[in-house]
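Undergrad: Here's a structure for you.
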There are 4 protein chains.
Amino acid sequence: MQFLSDNAAPVHPKVWEAMRAADQVDAPYDGDALSARLDEAMGELFGAECAVLWVATGTAANCLALGPMCPPHGGVVCHREAHIEMDEGGAPGFYLHGAKLLLTDGEHAKITPEGIAAVIDPIRGDVHQVQPHAISITQASEYGCVYRPDEIAAIGALAQERGLKLHMDGARFGNAAAFLGEGAASAAGIGHVDALSFGFVKNGGMNAEAVVFFDPAMAGQARYRRKRAGHLQSKGRFLAAQILAMLEGDLWLENAAAANAAARALGEAAKSARGDRLLHPVEANEVFLRCTADEREELRGKGFGFYDWGAGAARFVSAWNADQAAAQQLADAIADL
Amino acid sequence: MQFLSDNAAPVHPKVWEAMRAADQVDAPYDGDALSARLDEAMGELFGAECAVLWVATGTAANCLALGPMCPPHGGVVCHREAHIEMDEGGAPGFYLHGAKLLLTDGEHAKITPEGIAAVIDPIRGDVHQVQPHAISITQASEYGCVYRPDEIAAIGALAQERGLKLHMDGARFGNAAAFLGEGAASAAGIGHVDALSFGFVKNGGMNAEAVVFFDPAMAGQARYRRKRAGHLQSKGRFLAAQILAMLEGDLWLENAAAANAAARALGEAAKSARGDRLLHPVEANEVFLRCTADEREELRGKGFGFYDWGAGAARFVSAWNADQAAAQQLADAIADL
Amino acid sequence: MQFLSDNAAPVHPKVWEAMRAADQVDAPYDGDALSARLDEAMGELFGAECAVLWVATGTAANCLALGPMCPPHGGVVCHREAHIEMDEGGAPGFYLHGAKLLLTDGEHAKITPEGIAAVIDPIRGDVHQVQPHAISITQASEYGCVYRPDEIAAIGALAQERGLKLHMDGARFGNAAAFLGEGAASAAGIGHVDALSFGFVKNGGMNAEAVVFFDPAMAGQARYRRKRAGHLQSKGRFLAAQILAMLEGDLWLENAAAANAAARALGEAAKSARGDRLLHPVEANEVFLRCTADEREELRGKGFGFYDWGAGAARFVSAWNADQAAAQQLADAIADL
Amino acid sequence: MQFLSDNAAPVHPKVWEAMRAADQVDAPYDGDALSARLDEAMGELFGAECAVLWVATGTAANCLALGPMCPPHGGVVCHREAHIEMDEGGAPGFYLHGAKLLLTDGEHAKITPEGIAAVIDPIRGDVHQVQPHAISITQASEYGCVYRPDEIAAIGALAQERGLKLHMDGARFGNAAAFLGEGAASAAGIGHVDALSFGFVKNGGMNAEAVVFFDPAMAGQARYRRKRAGHLQSKGRFLAAQILAMLEGDLWLENAAAANAAARALGEAAKSARGDRLLHPVEANEVFLRCTADEREELRGKGFGFYDWGAGAARFVSAWNADQAAAQQLADAIADL
């Protein structure tokens, strides 16, 4: 009964099946028939022209997406707790050749036009200070909270006004879209977002993420940089196969919905039992609860696995394969605390 | 009847099996039980202490191996036709932060102490010129030729004398070891080589290569750089599983031997028919033949797939799953040219 | 009557004289007789073995000093308002190949062991987070405040305990030393600090700063990186001449004392008139005053030049050539506000 | 009687004078009145719109000029013996973030359209190989030879056809222009060249070179990168003053002509005495002579200073302050060998 993370969950059977079906030899790198279908498949999903690159990790996806947006001497605005700032081992500094992350705040690890302005307005437009070139938002956020379409539009409007590009880190994009329930295009802020890191690994895939450029002209540079970063796998067909399997019949949405449902159960239990236990609204597949060391011990004693979140809280993450019965048991245990 | 490349061949059934067996959840990244076994498994194979990192591609393996060997202001000596120089999209320049490849020559894309000295001796030891810090050799070479243990020892002696580190790009290490027939340690130049990029993708794996540091102290920095390059997969257990499956029962050697046998058949045919057709000795799984455009057309007309190699030659590569009957057919066709 | 900055002040006559005397041909780069005297001259000043490199700017000095302290995947702790973070156009990101500045707080732009710990203690020691490798402090700070020897010692002790290197940005080191009045070694935290950027440009020089490595082993790498950054001037003797002229007869200290005296006069006036006008203690050659737009207009109307410091404050900087009478006039004008 | 190099020669009296005249305070960095005159002054010289940045060294000038021309994943074609390849400590790798120099050959260290094509034609247009983005030529070349206007035009035509930018390293641009005698625009290949590193240090300056962008749009990025590289001096007026003094009354051309005359005398002597002594035509201010160790000893015995150039040759360089009588003495001594 693990709620530690979604990042080590098993691979979905349909993904396995698609990978096995891709075993026969085809052209190497991204010259194969499956890779060739990605642009169109994503284009249909988002109802927008796009250029798609597969890569093995979310970190690589984020960095390759940001590459065409920000020169080495520039900066990218993001939340102070964004994954690119906190958990990628400095990868943006590497891929962007020393470009700087310009940190802003915002409730639930979501940023706002006001928060962005608070960071970039004081920057003098001279060469002594690093100038902003792009904004990166995370859908769903590090705290499992989801940008509403109008929130993305407002950030997009600011980006356009200031001449900034807009990137969306969608490591848990499926969970966000499942929560919003209005389709992929709406969750992705089509028309505002220039590139999306569309995550599959946490959602039933093995090791394939998609960088989706809604401005296909950006993809050319990214293809060179993918190779240069050692991310152009020679048997890339196995990555394309994963992505296509996830898109097929909206498996990505189905898996995310299952994960979300388990989290929602925990969230409901936490709310009903004690209103202030929830640190953040439960919108995607993560639940952050205030609970004491004793309470955590009690839950672990009942067989539940999860991470401490600082001294007085715990994080529970449900995956695509969440056992809804186990989730209910955990929900009950939380309610009983 | 494809002899285009070994880099897009199917995945070996035992590798598939091991990957499937790794599906159950375990710790993320490289904290899982399979990743934990790599150091020991490789240590046994090479009879030497080592620290092992999995990565998805040979390019990443080479660059992460070279990282601890060469500072940004330094240089790495390699063959003018080495993969790191010719075919990695400038990845060493990226990973080593602008360090320089110092190019030398040598028959069959193998380098020699004399060739290395010819490049580094003229370098003045002042700050105006990039100083050598490491040497990289390719086992087997870009032309499918194999360094003999004494050749590696001679390069190793020079490296030690000049204070240089020694890296071995073993994208086709299995094929080299199978040719030498003296075990992994001998083919890897244990005692001389500081790090080996041990390739599995071309030899029956899907997307797992091993960086093997024979100086385990080098691995610490490489672990940070792997993450920073977006190469630390969260379901790393699937990469570890591939590598362990390849080591199990020396599958890596068996696969390589099968590939080599097919290439040897072609080489024999080429030699018996016309002595000067072979551009390079056939030692691993690659065959480079002088043949005219007409001859290439004739072979393609018979259903054989391969790459042109410049205007007057062709390259044939056999993979672990080489169909020995097909190889014999091709050998006969070559003999009949 | 300019109090805008010290960074554009004239060159001291003795510096001009020394430069003229260096005109005759000597060996290029840093092979000349003047450059050869720097290590010894600085060694005498600090009473410690040191290796010295001249460079043209403080930004280059800081970055070359930090180079041997922090690998590309590492981090440097500094104050949130440090020059390297705020005013160097992202130079540390460039020179350190994407390494990260880890920002801490502290009154008067000085950092403390507690502030450093607050930043580095939460960093998990795993590859997902950028690890600290060095600390950088500014003597005097961006607000003209001076680290006392025991404050440096405390930071040095923490650095040693955590295995971090310690850098001092001494763009206004002279002003700090003049304030402390205990000699160069004490102001530089000899025994604790690994490298000092010793600034002369703001203190009567033209375009020469010194990077002083108290661990001479660090200098080797820095020499290569200076060349690689295009900072090895061929007529380097003119930079060495400036530095030697500044050291001769403690001109650096005399100039700084003159600048400090002018600032002290302003500070006294501000204190005597209205106790809370001073934003920071006046210790070096900078004065930060709360004053309204009207008050600033009044001062400017009387012919005083200075920068606004946000909406409700002003910054006055005095240089080595400060006209003490003018300073007193400004002091009177401040007292009269 | 030194003919070692022009890079350590004294500073011309008019340059000293202009520097002294710039001592009074003005705005810092490049905000001063002298820096503001550079664009116009160069525009007049070249009869073309241009944007000019001062920097302290030729290495920095070259790298800042190339910055806007080549992305980190790209390549710059240059001669195998170009300064950027041989003598800048790997600076292009640093400034261009790992971009690659693509080396070509050509007599007298000059490159040709054929030589460029020989390097770039074999590059496959795929992501596995580094693609050319720019060409860099050196006027005068490392062997003191000068590109004729039609030679530049031919390279420019190739550059345009292939979509490559064209850079000119003019560390000895004055010497080239003095040789051609057709004005600055002609020597600089106006209409073909995108940016020129216009050198003054070897020609009577102290430490100021100009990066001249004939496409002013390129200068914006370069300004940020100059700051980021620590090359934006706060008393930049002293660099601007040097450049303006050199342009005033064509001092740059006069100085170069004097240096050339001395070299020409040596060249004539070498030719008249023994036709094959000259390794390269003497066009600028460098003379490369075949001469034995004994002959070199003989010349040194007579008090002449110069560098050996490999085992059987010597290099003589004359500077702006060449003593024509000494040059004639050396010429006689060469004739007498």
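As shown in the structure tokens, the chain order sets the letters A, B, ...; within each chain, residues go from 1, and ligands are also counted from 1 in the order they appear.
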Would you tabulate, counting only C-alpha atoms, all residues of chain B that have an atom at most 7 Å from an atom of chain A, showing the closest pair of atoms and their distance in Å to one decimal, sorted by chain then ascending number, as a tab-separated table?

TA:
residue	atom	partner	partner_atom	distance
B:Asn7	CA	A:Ser234	CA	6.0
B:Ala8	CA	A:Pro28	CA	5.2
B:Ala9	CA	A:Val25	CA	5.4
B:Pro10	CA	A:Asp23	CA	5.2
B:Val11	CA	A:Asp23	CA	6.5
B:Asp23	CA	A:Pro10	CA	5.2
B:Gln24	CA	A:Pro10	CA	5.7
B:Val25	CA	A:Ala9	CA	5.4
B:Asp26	CA	A:Ala8	CA	6.6
B:Ala27	CA	A:Ala8	CA	6.7
B:Pro28	CA	A:Ala8	CA	5.2
B:Ala56	CA	A:Gln233	CA	7.0
B:Thr57	CA	A:Gln233	CA	6.0
B:Thr59	CA	A:Gly230	CA	4.9
B:Ala60	CA	A:Gly230	CA	4.6
B:Glu88	CA	A:Arg228	CA	6.3
B:Gly89	CA	A:Arg228	CA	5.0
B:Gly90	CA	A:Arg228	CA	5.7
B:Ala91	CA	A:Arg228	CA	4.3
B:Phe94	CA	A:Arg228	CA	6.9
B:Met206	CA	A:Lys235	CA	6.7
B:Asn207	CA	A:Gln233	CA	7.0
B:Lys227	CA	A:Gly89	CA	6.0
B:Arg228	CA	A:Ala91	CA	4.3
B:Ala229	CA	A:Ala91	CA	5.9
B:Gly230	CA	A:Ala60	CA	4.6
B:His231	CA	A:Thr57	CA	6.9
B:Gln233	CA	A:Thr57	CA	6.0
B:Ser234	CA	A:Asn7	CA	6.0
B:Lys235	CA	A:Ala8	CA	5.4

Undergrad: Tell me, which residues of stretch 91-173 of chain A carry DSSP alpha helix (DSSP H), written as a PyMOL selection string?

TA: chain A and resi 91-95+113-120+149-162+173

Undergrad: Using only C-alpha atoms, please write the residues we just selected to a file, as an mmCIF file, in the first residue's frame.

TA:
data_model
loop_
_atom_site.group_PDB
_atom_site.id
_atom_site.type_symbol
_atom_site.label_atom_id
_atom_site.label_comp_id
_atom_site.auth_asym_id
_atom_site.auth_seq_id
_atom_site.Cartn_x
_atom_site.Cartn_y
_atom_site.Cartn_z
ATOM 1 C CA ALA A 91 20.043 20.890 -15.269
ATOM 2 C CA PRO A 92 18.672 24.202 -16.588
ATOM 3 C CA GLY A 93 22.008 25.844 -15.786
ATOM 4 C CA PHE A 94 23.716 23.127 -17.812
ATOM 5 C CA TYR A 95 21.383 23.014 -20.805
ATOM 6 C CA PRO A 113 0.928 37.591 -13.368
ATOM 7 C CA GLU A 114 1.410 39.667 -10.222
ATOM 8 C CA GLY A 115 4.095 37.358 -8.932
ATOM 9 C CA ILE A 116 5.884 37.390 -12.266
ATOM 10 C CA ALA A 117 5.711 41.168 -12.452
ATOM 11 C CA ALA A 118 7.099 41.421 -8.936
ATOM 12 C CA VAL A 119 10.215 39.629 -10.136
ATOM 13 C CA ILE A 120 10.745 41.183 -13.524
ATOM 14 C CA PRO A 149 -7.513 28.018 -18.391
ATOM 15 C CA ASP A 150 -8.080 31.656 -17.477
ATOM 16 C CA GLU A 151 -5.064 31.605 -15.199
ATOM 17 C CA ILE A 152 -2.899 30.345 -18.038
ATOM 18 C CA ALA A 153 -4.412 32.937 -20.355
ATOM 19 C CA ALA A 154 -3.557 35.720 -17.930
ATOM 20 C CA ILE A 155 0.049 34.560 -17.693
ATOM 21 C CA GLY A 156 0.123 34.143 -21.449
ATOM 22 C CA ALA A 157 -1.090 37.696 -21.930
ATOM 23 C CA LEU A 158 1.657 38.995 -19.682
ATOM 24 C CA ALA A 159 4.211 36.882 -21.521
ATOM 25 C CA GLN A 160 3.121 38.277 -24.842
ATOM 26 C CA GLU A 161 3.109 41.832 -23.560
ATOM 27 C CA ARG A 162 6.648 41.492 -22.258
ATOM 28 C CA PHE A 173 -0.123 17.064 -17.235
#

Undergrad: Pick out the residues sitting within 7 Å of stretch 68-82 of chain A, and hand them over as a ChimeraX atom specification; count only C-alpha atoms, and ignore anything fewer than 3 positions along from it in its own chain.

TA: /A:65,85-86,96-105,109-111,116,130-137,142,165,218,221-222 /C:90 /D:224-225

Undergrad: Just to be explicit: take each residue in the selection above, keep N, CA, C and O atoms, and write the result as a CSV table (one decimal), in the first residue's frame.

TA:
chain,number,residue,atom,x,y,z
A,65,ALA,N,12.9,21.9,-24.0
A,65,ALA,CA,11.8,22.9,-24.3
A,65,ALA,C,12.3,24.3,-24.1
A,65,ALA,O,11.9,25.2,-24.8
A,85,GLU,N,13.9,24.3,-10.6
A,85,GLU,CA,14.7,25.0,-9.6
A,85,GLU,C,15.2,24.0,-8.5
A,85,GLU,O,16.3,24.1,-8.0
A,86,MET,N,14.3,23.2,-8.0
A,86,MET,CA,14.6,22.4,-6.8
A,86,MET,C,15.1,21.0,-7.0
A,86,MET,O,15.8,20.5,-6.1
A,96,LEU,N,21.1,25.4,-20.5
A,96,LEU,CA,20.9,26.8,-21.0
A,96,LEU,C,22.2,27.5,-20.8
A,96,LEU,O,22.3,28.7,-20.9
A,97,HIS,N,23.3,26.8,-20.5
A,97,HIS,CA,24.7,27.4,-20.5
A,97,HIS,C,24.8,28.6,-19.6
A,97,HIS,O,25.4,29.6,-19.9
A,98,GLY,N,24.2,28.4,-18.4
A,98,GLY,CA,24.4,29.4,-17.4
A,98,GLY,C,23.3,30.4,-17.2
A,98,GLY,O,23.3,31.3,-16.4
A,99,ALA,N,22.2,30.2,-18.0
A,99,ALA,CA,21.1,31.1,-17.9
A,99,ALA,C,20.5,31.0,-16.4
A,99,ALA,O,20.8,30.0,-15.8
A,100,LYS,N,19.8,31.9,-16.0
A,100,LYS,CA,19.4,32.0,-14.6
A,100,LYS,C,17.9,31.8,-14.4
A,100,LYS,O,17.1,32.3,-15.2
A,101,LEU,N,17.5,31.1,-13.4
A,101,LEU,CA,16.1,31.0,-13.0
A,101,LEU,C,15.8,32.2,-12.1
A,101,LEU,O,16.5,32.5,-11.1
A,102,LEU,N,14.7,32.9,-12.5
A,102,LEU,CA,14.3,34.1,-11.7
A,102,LEU,C,13.1,33.7,-10.9
A,102,LEU,O,12.0,33.3,-11.5
A,103,LEU,N,13.2,33.6,-9.6
A,103,LEU,CA,12.2,32.9,-8.8
A,103,LEU,C,11.1,33.8,-8.3
A,103,LEU,O,11.4,34.9,-7.8
A,104,THR,N,9.9,33.3,-8.4
A,104,THR,CA,8.8,34.0,-7.8
A,104,THR,C,8.0,33.1,-6.9
A,104,THR,O,8.3,31.9,-6.8
A,105,ASP,N,7.0,33.7,-6.2
A,105,ASP,CA,6.2,33.0,-5.2
A,105,ASP,C,4.8,32.9,-5.7
A,105,ASP,O,4.5,33.3,-6.8
A,109,ALA,N,2.3,26.6,-5.1
A,109,ALA,CA,3.4,26.5,-6.1
A,109,ALA,C,2.9,26.9,-7.5
A,109,ALA,O,3.4,26.5,-8.5
A,110,LYS,N,1.8,27.7,-7.5
A,110,LYS,CA,1.4,28.2,-8.8
A,110,LYS,C,1.8,29.7,-8.9
A,110,LYS,O,1.8,30.4,-7.8
A,111,ILE,N,2.2,30.1,-10.1
A,111,ILE,CA,2.6,31.5,-10.2
A,111,ILE,C,1.5,32.4,-10.8
A,111,ILE,O,0.6,31.8,-11.5
A,116,ILE,N,4.9,37.3,-11.2
A,116,ILE,CA,5.9,37.4,-12.3
A,116,ILE,C,6.3,38.8,-12.4
A,116,ILE,O,7.5,39.1,-12.4
A,130,VAL,N,20.5,40.2,-15.4
A,130,VAL,CA,20.0,39.2,-16.3
A,130,VAL,C,18.5,39.5,-16.7
A,130,VAL,O,17.7,39.7,-15.8
A,131,GLN,N,18.3,39.5,-18.0
A,131,GLN,CA,16.9,39.9,-18.5
A,131,GLN,C,16.0,38.6,-18.6
A,131,GLN,O,16.5,37.6,-19.1
A,132,PRO,N,14.8,38.7,-18.3
A,132,PRO,CA,13.9,37.6,-18.5
A,132,PRO,C,13.6,37.4,-20.0
A,132,PRO,O,13.4,38.3,-20.8
A,133,HIS,N,13.6,36.1,-20.3
A,133,HIS,CA,13.2,35.7,-21.7
A,133,HIS,C,12.1,34.7,-21.8
A,133,HIS,O,11.5,34.6,-22.8
A,134,ALA,N,11.8,34.1,-20.7
A,134,ALA,CA,10.7,33.1,-20.7
A,134,ALA,C,10.1,32.9,-19.3
A,134,ALA,O,10.7,33.3,-18.3
A,135,ILE,N,9.0,32.2,-19.3
A,135,ILE,CA,8.3,31.9,-18.1
A,135,ILE,C,8.0,30.4,-18.1
A,135,ILE,O,7.7,29.8,-19.2
A,136,SER,N,8.2,29.7,-17.0
A,136,SER,CA,7.9,28.3,-16.9
A,136,SER,C,6.8,28.1,-15.8
A,136,SER,O,7.0,28.5,-14.7
A,137,ILE,N,5.7,27.4,-16.2
A,137,ILE,CA,4.7,27.1,-15.2
A,137,ILE,C,4.6,25.5,-15.2
A,137,ILE,O,4.9,24.9,-16.1
A,142,GLU,N,3.8,21.6,-8.2
A,142,GLU,CA,4.5,20.7,-7.3
A,142,GLU,C,3.6,20.3,-6.1
A,142,GLU,O,3.9,19.3,-5.4
A,165,LYS,N,8.6,34.0,-23.8
A,165,LYS,CA,8.1,32.8,-24.2
A,165,LYS,C,7.5,32.1,-23.0
A,165,LYS,O,7.9,32.4,-21.8
A,218,MET,N,10.6,26.1,-33.4
A,218,MET,CA,11.5,25.9,-32.2
A,218,MET,C,12.1,24.5,-32.2
A,218,MET,O,13.1,24.2,-31.6
A,221,GLN,N,16.1,23.6,-33.6
A,221,GLN,CA,17.3,23.7,-32.6
A,221,GLN,C,17.2,22.6,-31.6
A,221,GLN,O,18.3,22.0,-31.2
A,222,ALA,N,16.0,22.3,-31.1
A,222,ALA,CA,15.9,21.3,-30.0
A,222,ALA,C,16.4,19.9,-30.5
A,222,ALA,O,16.9,19.1,-29.7
C,90,GLY,N,25.0,37.9,-14.9
C,90,GLY,CA,25.0,36.4,-14.9
C,90,GLY,C,26.4,35.8,-15.2
C,90,GLY,O,26.6,34.6,-15.5
D,224,TYR,N,25.4,42.2,-23.9
D,224,TYR,CA,25.2,41.4,-22.8
D,224,TYR,C,26.3,40.4,-22.5
D,224,TYR,O,26.7,40.2,-21.4
D,225,ARG,N,26.8,39.8,-23.6
D,225,ARG,CA,27.9,38.9,-23.4
D,225,ARG,C,29.2,39.5,-23.0
D,225,ARG,O,30.0,38.9,-22.3

Undergrad: Record the distance separating atom CA of D:Pro13 and atom CA of D:Ser197, expressed in Å with one decimal.

TA: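 One can read the atom CA of D:Pro13 to atom CA of D:Ser197 distance as 23.3 Å.
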
Undergrad: Identify all residues of stretch 91-168 of chain B in strand (DSSP E) (DSSP on the backbone) and supply them as a compact mmCIF listing (two decimals) with all heavy atoms, in the first residue's frame.

TA:
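Listing of part.txt after writing:
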# COMPACT_ATOMS: atom_id res chain seq x y z
N LYS B 100 38.29 20.56 -25.62
CA LYS B 100 38.61 20.38 -27.04
C LYS B 100 39.04 18.95 -27.32
O LYS B 100 39.78 18.36 -26.52
CB LYS B 100 39.77 21.33 -27.36
CG LYS B 100 40.06 21.55 -28.81
CD LYS B 100 41.10 22.67 -28.93
CE LYS B 100 41.67 22.78 -30.30
NZ LYS B 100 42.65 23.87 -30.35
N LEU B 101 38.63 18.42 -28.45
CA LEU B 101 39.15 17.14 -28.89
C LEU B 101 40.41 17.40 -29.71
O LEU B 101 40.40 18.22 -30.63
CB LEU B 101 38.10 16.38 -29.69
CG LEU B 101 36.81 16.08 -28.92
CD1 LEU B 101 35.84 15.29 -29.77
CD2 LEU B 101 37.10 15.34 -27.61
N LEU B 102 41.47 16.70 -29.35
CA LEU B 102 42.76 16.86 -30.02
C LEU B 102 42.93 15.64 -30.92
O LEU B 102 43.07 14.52 -30.42
CB LEU B 102 43.87 16.93 -28.97
CG LEU B 102 43.67 18.03 -27.90
CD1 LEU B 102 44.63 17.83 -26.73
CD2 LEU B 102 43.84 19.41 -28.51
N LEU B 103 42.92 15.86 -32.22
CA LEU B 103 42.74 14.76 -33.16
C LEU B 103 44.05 14.17 -33.63
O LEU B 103 44.97 14.88 -34.03
CB LEU B 103 41.93 15.26 -34.35
CG LEU B 103 40.60 15.91 -33.96
CD1 LEU B 103 39.86 16.38 -35.20
CD2 LEU B 103 39.74 14.95 -33.15
N THR B 104 44.08 12.85 -33.64
CA THR B 104 45.25 12.16 -34.15
C THR B 104 44.82 11.16 -35.22
O THR B 104 43.62 10.90 -35.41
CB THR B 104 46.04 11.49 -33.02
OG1 THR B 104 47.20 10.87 -33.58
CG2 THR B 104 45.23 10.44 -32.30
N GLN B 131 45.71 22.21 -23.14
CA GLN B 131 46.56 21.12 -22.69
C GLN B 131 45.80 19.79 -22.67
O GLN B 131 44.64 19.75 -22.28
CB GLN B 131 47.07 21.40 -21.26
CG GLN B 131 47.81 22.71 -21.12
CD GLN B 131 49.05 22.80 -21.98
OE1 GLN B 131 49.86 21.87 -21.99
NE2 GLN B 131 49.20 23.88 -22.74
N PRO B 132 46.46 18.71 -23.05
CA PRO B 132 45.79 17.39 -23.00
C PRO B 132 45.61 16.93 -21.56
O PRO B 132 46.49 17.11 -20.73
CB PRO B 132 46.77 16.48 -23.74
CG PRO B 132 48.11 17.14 -23.59
CD PRO B 132 47.84 18.63 -23.53
N HIS B 133 44.46 16.35 -21.29
CA HIS B 133 44.17 15.79 -19.97
C HIS B 133 43.77 14.32 -20.05
O HIS B 133 43.80 13.63 -19.04
CB HIS B 133 43.07 16.59 -19.28
CG HIS B 133 43.53 17.91 -18.76
ND1 HIS B 133 43.74 18.16 -17.43
CD2 HIS B 133 43.85 19.06 -19.40
CE1 HIS B 133 44.16 19.41 -17.27
NE2 HIS B 133 44.23 19.98 -18.44
N ALA B 134 43.34 13.87 -21.21
CA ALA B 134 42.87 12.48 -21.32
C ALA B 134 43.03 11.98 -22.75
O ALA B 134 43.26 12.76 -23.68
CB ALA B 134 41.40 12.40 -20.91
N ILE B 135 42.94 10.67 -22.87
CA ILE B 135 42.97 10.00 -24.17
C ILE B 135 41.71 9.15 -24.26
O ILE B 135 41.31 8.54 -23.26
CB ILE B 135 44.21 9.09 -24.29
CG1 ILE B 135 45.50 9.91 -24.17
CG2 ILE B 135 44.19 8.30 -25.60
CD1 ILE B 135 46.76 9.05 -23.98
N SER B 136 41.11 9.10 -25.42
CA SER B 136 39.96 8.21 -25.62
C SER B 136 40.23 7.28 -26.79
O SER B 136 40.57 7.74 -27.88
CB SER B 136 38.69 9.05 -25.88
OG SER B 136 37.58 8.19 -26.09
N ILE B 137 40.10 6.00 -26.53
CA ILE B 137 40.24 5.01 -27.61
C ILE B 137 38.93 4.26 -27.77
O ILE B 137 38.11 4.22 -26.84
CB ILE B 137 41.39 4.00 -27.34
CG1 ILE B 137 41.15 3.23 -26.03
CG2 ILE B 137 42.72 4.74 -27.28
CD1 ILE B 137 42.21 2.17 -25.74
N THR B 138 38.72 3.65 -28.94
CA THR B 138 37.46 3.00 -29.24
C THR B 138 37.70 1.51 -29.49
O THR B 138 38.49 1.16 -30.37
CB THR B 138 36.79 3.65 -30.46
OG1 THR B 138 36.70 5.05 -30.24
CG2 THR B 138 35.40 3.09 -30.68
N LYS B 165 44.48 10.74 -18.29
CA LYS B 165 43.54 9.67 -18.01
C LYS B 165 43.23 8.93 -19.31
O LYS B 165 43.39 9.48 -20.40
CB LYS B 165 42.26 10.24 -17.42
CG LYS B 165 42.45 10.97 -16.10
CD LYS B 165 42.80 9.99 -15.00
CE LYS B 165 42.97 10.69 -13.66
NZ LYS B 165 43.43 9.73 -12.63
N LEU B 166 42.75 7.71 -19.19
CA LEU B 166 42.47 6.91 -20.38
C LEU B 166 41.03 6.39 -20.37
O LEU B 166 40.60 5.73 -19.43
CB LEU B 166 43.46 5.74 -20.48
CG LEU B 166 43.35 4.83 -21.71
CD1 LEU B 166 43.38 5.61 -23.03
CD2 LEU B 166 44.46 3.78 -21.70
N HIS B 167 40.31 6.73 -21.43
CA HIS B 167 38.92 6.31 -21.58
C HIS B 167 38.80 5.35 -22.76
O HIS B 167 39.49 5.50 -23.77
CB HIS B 167 38.04 7.54 -21.87
CG HIS B 167 36.67 7.20 -22.39
ND1 HIS B 167 36.26 7.49 -23.68
CD2 HIS B 167 35.63 6.57 -21.79
CE1 HIS B 167 35.00 7.08 -23.84
NE2 HIS B 167 34.61 6.51 -22.73
N MET B 168 37.94 4.36 -22.60
CA MET B 168 37.65 3.44 -23.69
C MET B 168 36.18 3.53 -24.07
O MET B 168 35.30 3.29 -23.24
CB MET B 168 37.99 2.01 -23.27
CG MET B 168 37.71 0.98 -24.36
SD MET B 168 38.14 -0.70 -23.84
CE MET B 168 39.92 -0.69 -24.09

Undergrad: Using atom CA of D:Gly204 and atom CA of D:His192 as the two end points, give the distance in Å to one decimal.

TA: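 Going from atom CA of D:Gly204 over to atom CA of D:His192, I get 27.7 Å.
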
Undergrad: Please report the interatomic distance between atom CA of C:Ala326 and atom CA of D:Ala241 in Å with one decimal.

TA: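 Between atom CA of C:Ala326 and atom CA of D:Ala241 the gap works out to 29.0 Å.
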
Undergrad: Write out as a ChimeraX atom specification the residues lying within 6 Å of C:Phe214, counting only C-alpha atoms and excluding same-chain residues fewer than 2 positions away.

TA: /C:50,194-195,216

Undergrad: Got a sec: who's within 12 Å of A:Gly310, counting only C-alpha atoms, leaving out chain neighbours fewer than 2 positions off, as a JSON list (two decimals) with C-alpha atoms, in the first residue's frame?

TA:
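Generated output (around-v3.json):
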[["chain", "number", "residue", "atom", "x", "y", "z"],
["A", 288, "PHE", "CA", -0.21, 17.06, 1.47],
["A", 289, "LEU", "CA", -1.46, 16.65, 5.01],
["A", 290, "ARG", "CA", -0.56, 18.26, 8.25],
["A", 291, "CYS", "CA", 0.10, 15.40, 10.62],
["A", 292, "THR", "CA", 2.31, 14.86, 13.61],
["A", 293, "ALA", "CA", 5.13, 12.39, 13.90],
["A", 296, "ARG", "CA", 2.60, 9.34, 10.75],
["A", 307, "TYR", "CA", 7.09, 10.54, 2.52],
["A", 308, "ASP", "CA", 7.42, 12.94, 5.42],
["A", 312, "GLY", "CA", 4.71, 18.35, 10.57],
["A", 313, "ALA", "CA", 3.34, 17.02, 7.35],
["A", 314, "ALA", "CA", 3.23, 14.09, 4.96],
["A", 315, "ARG", "CA", 2.94, 13.68, 1.22],
["C", 122, "PRO", "CA", 17.75, 21.92, 3.90]]
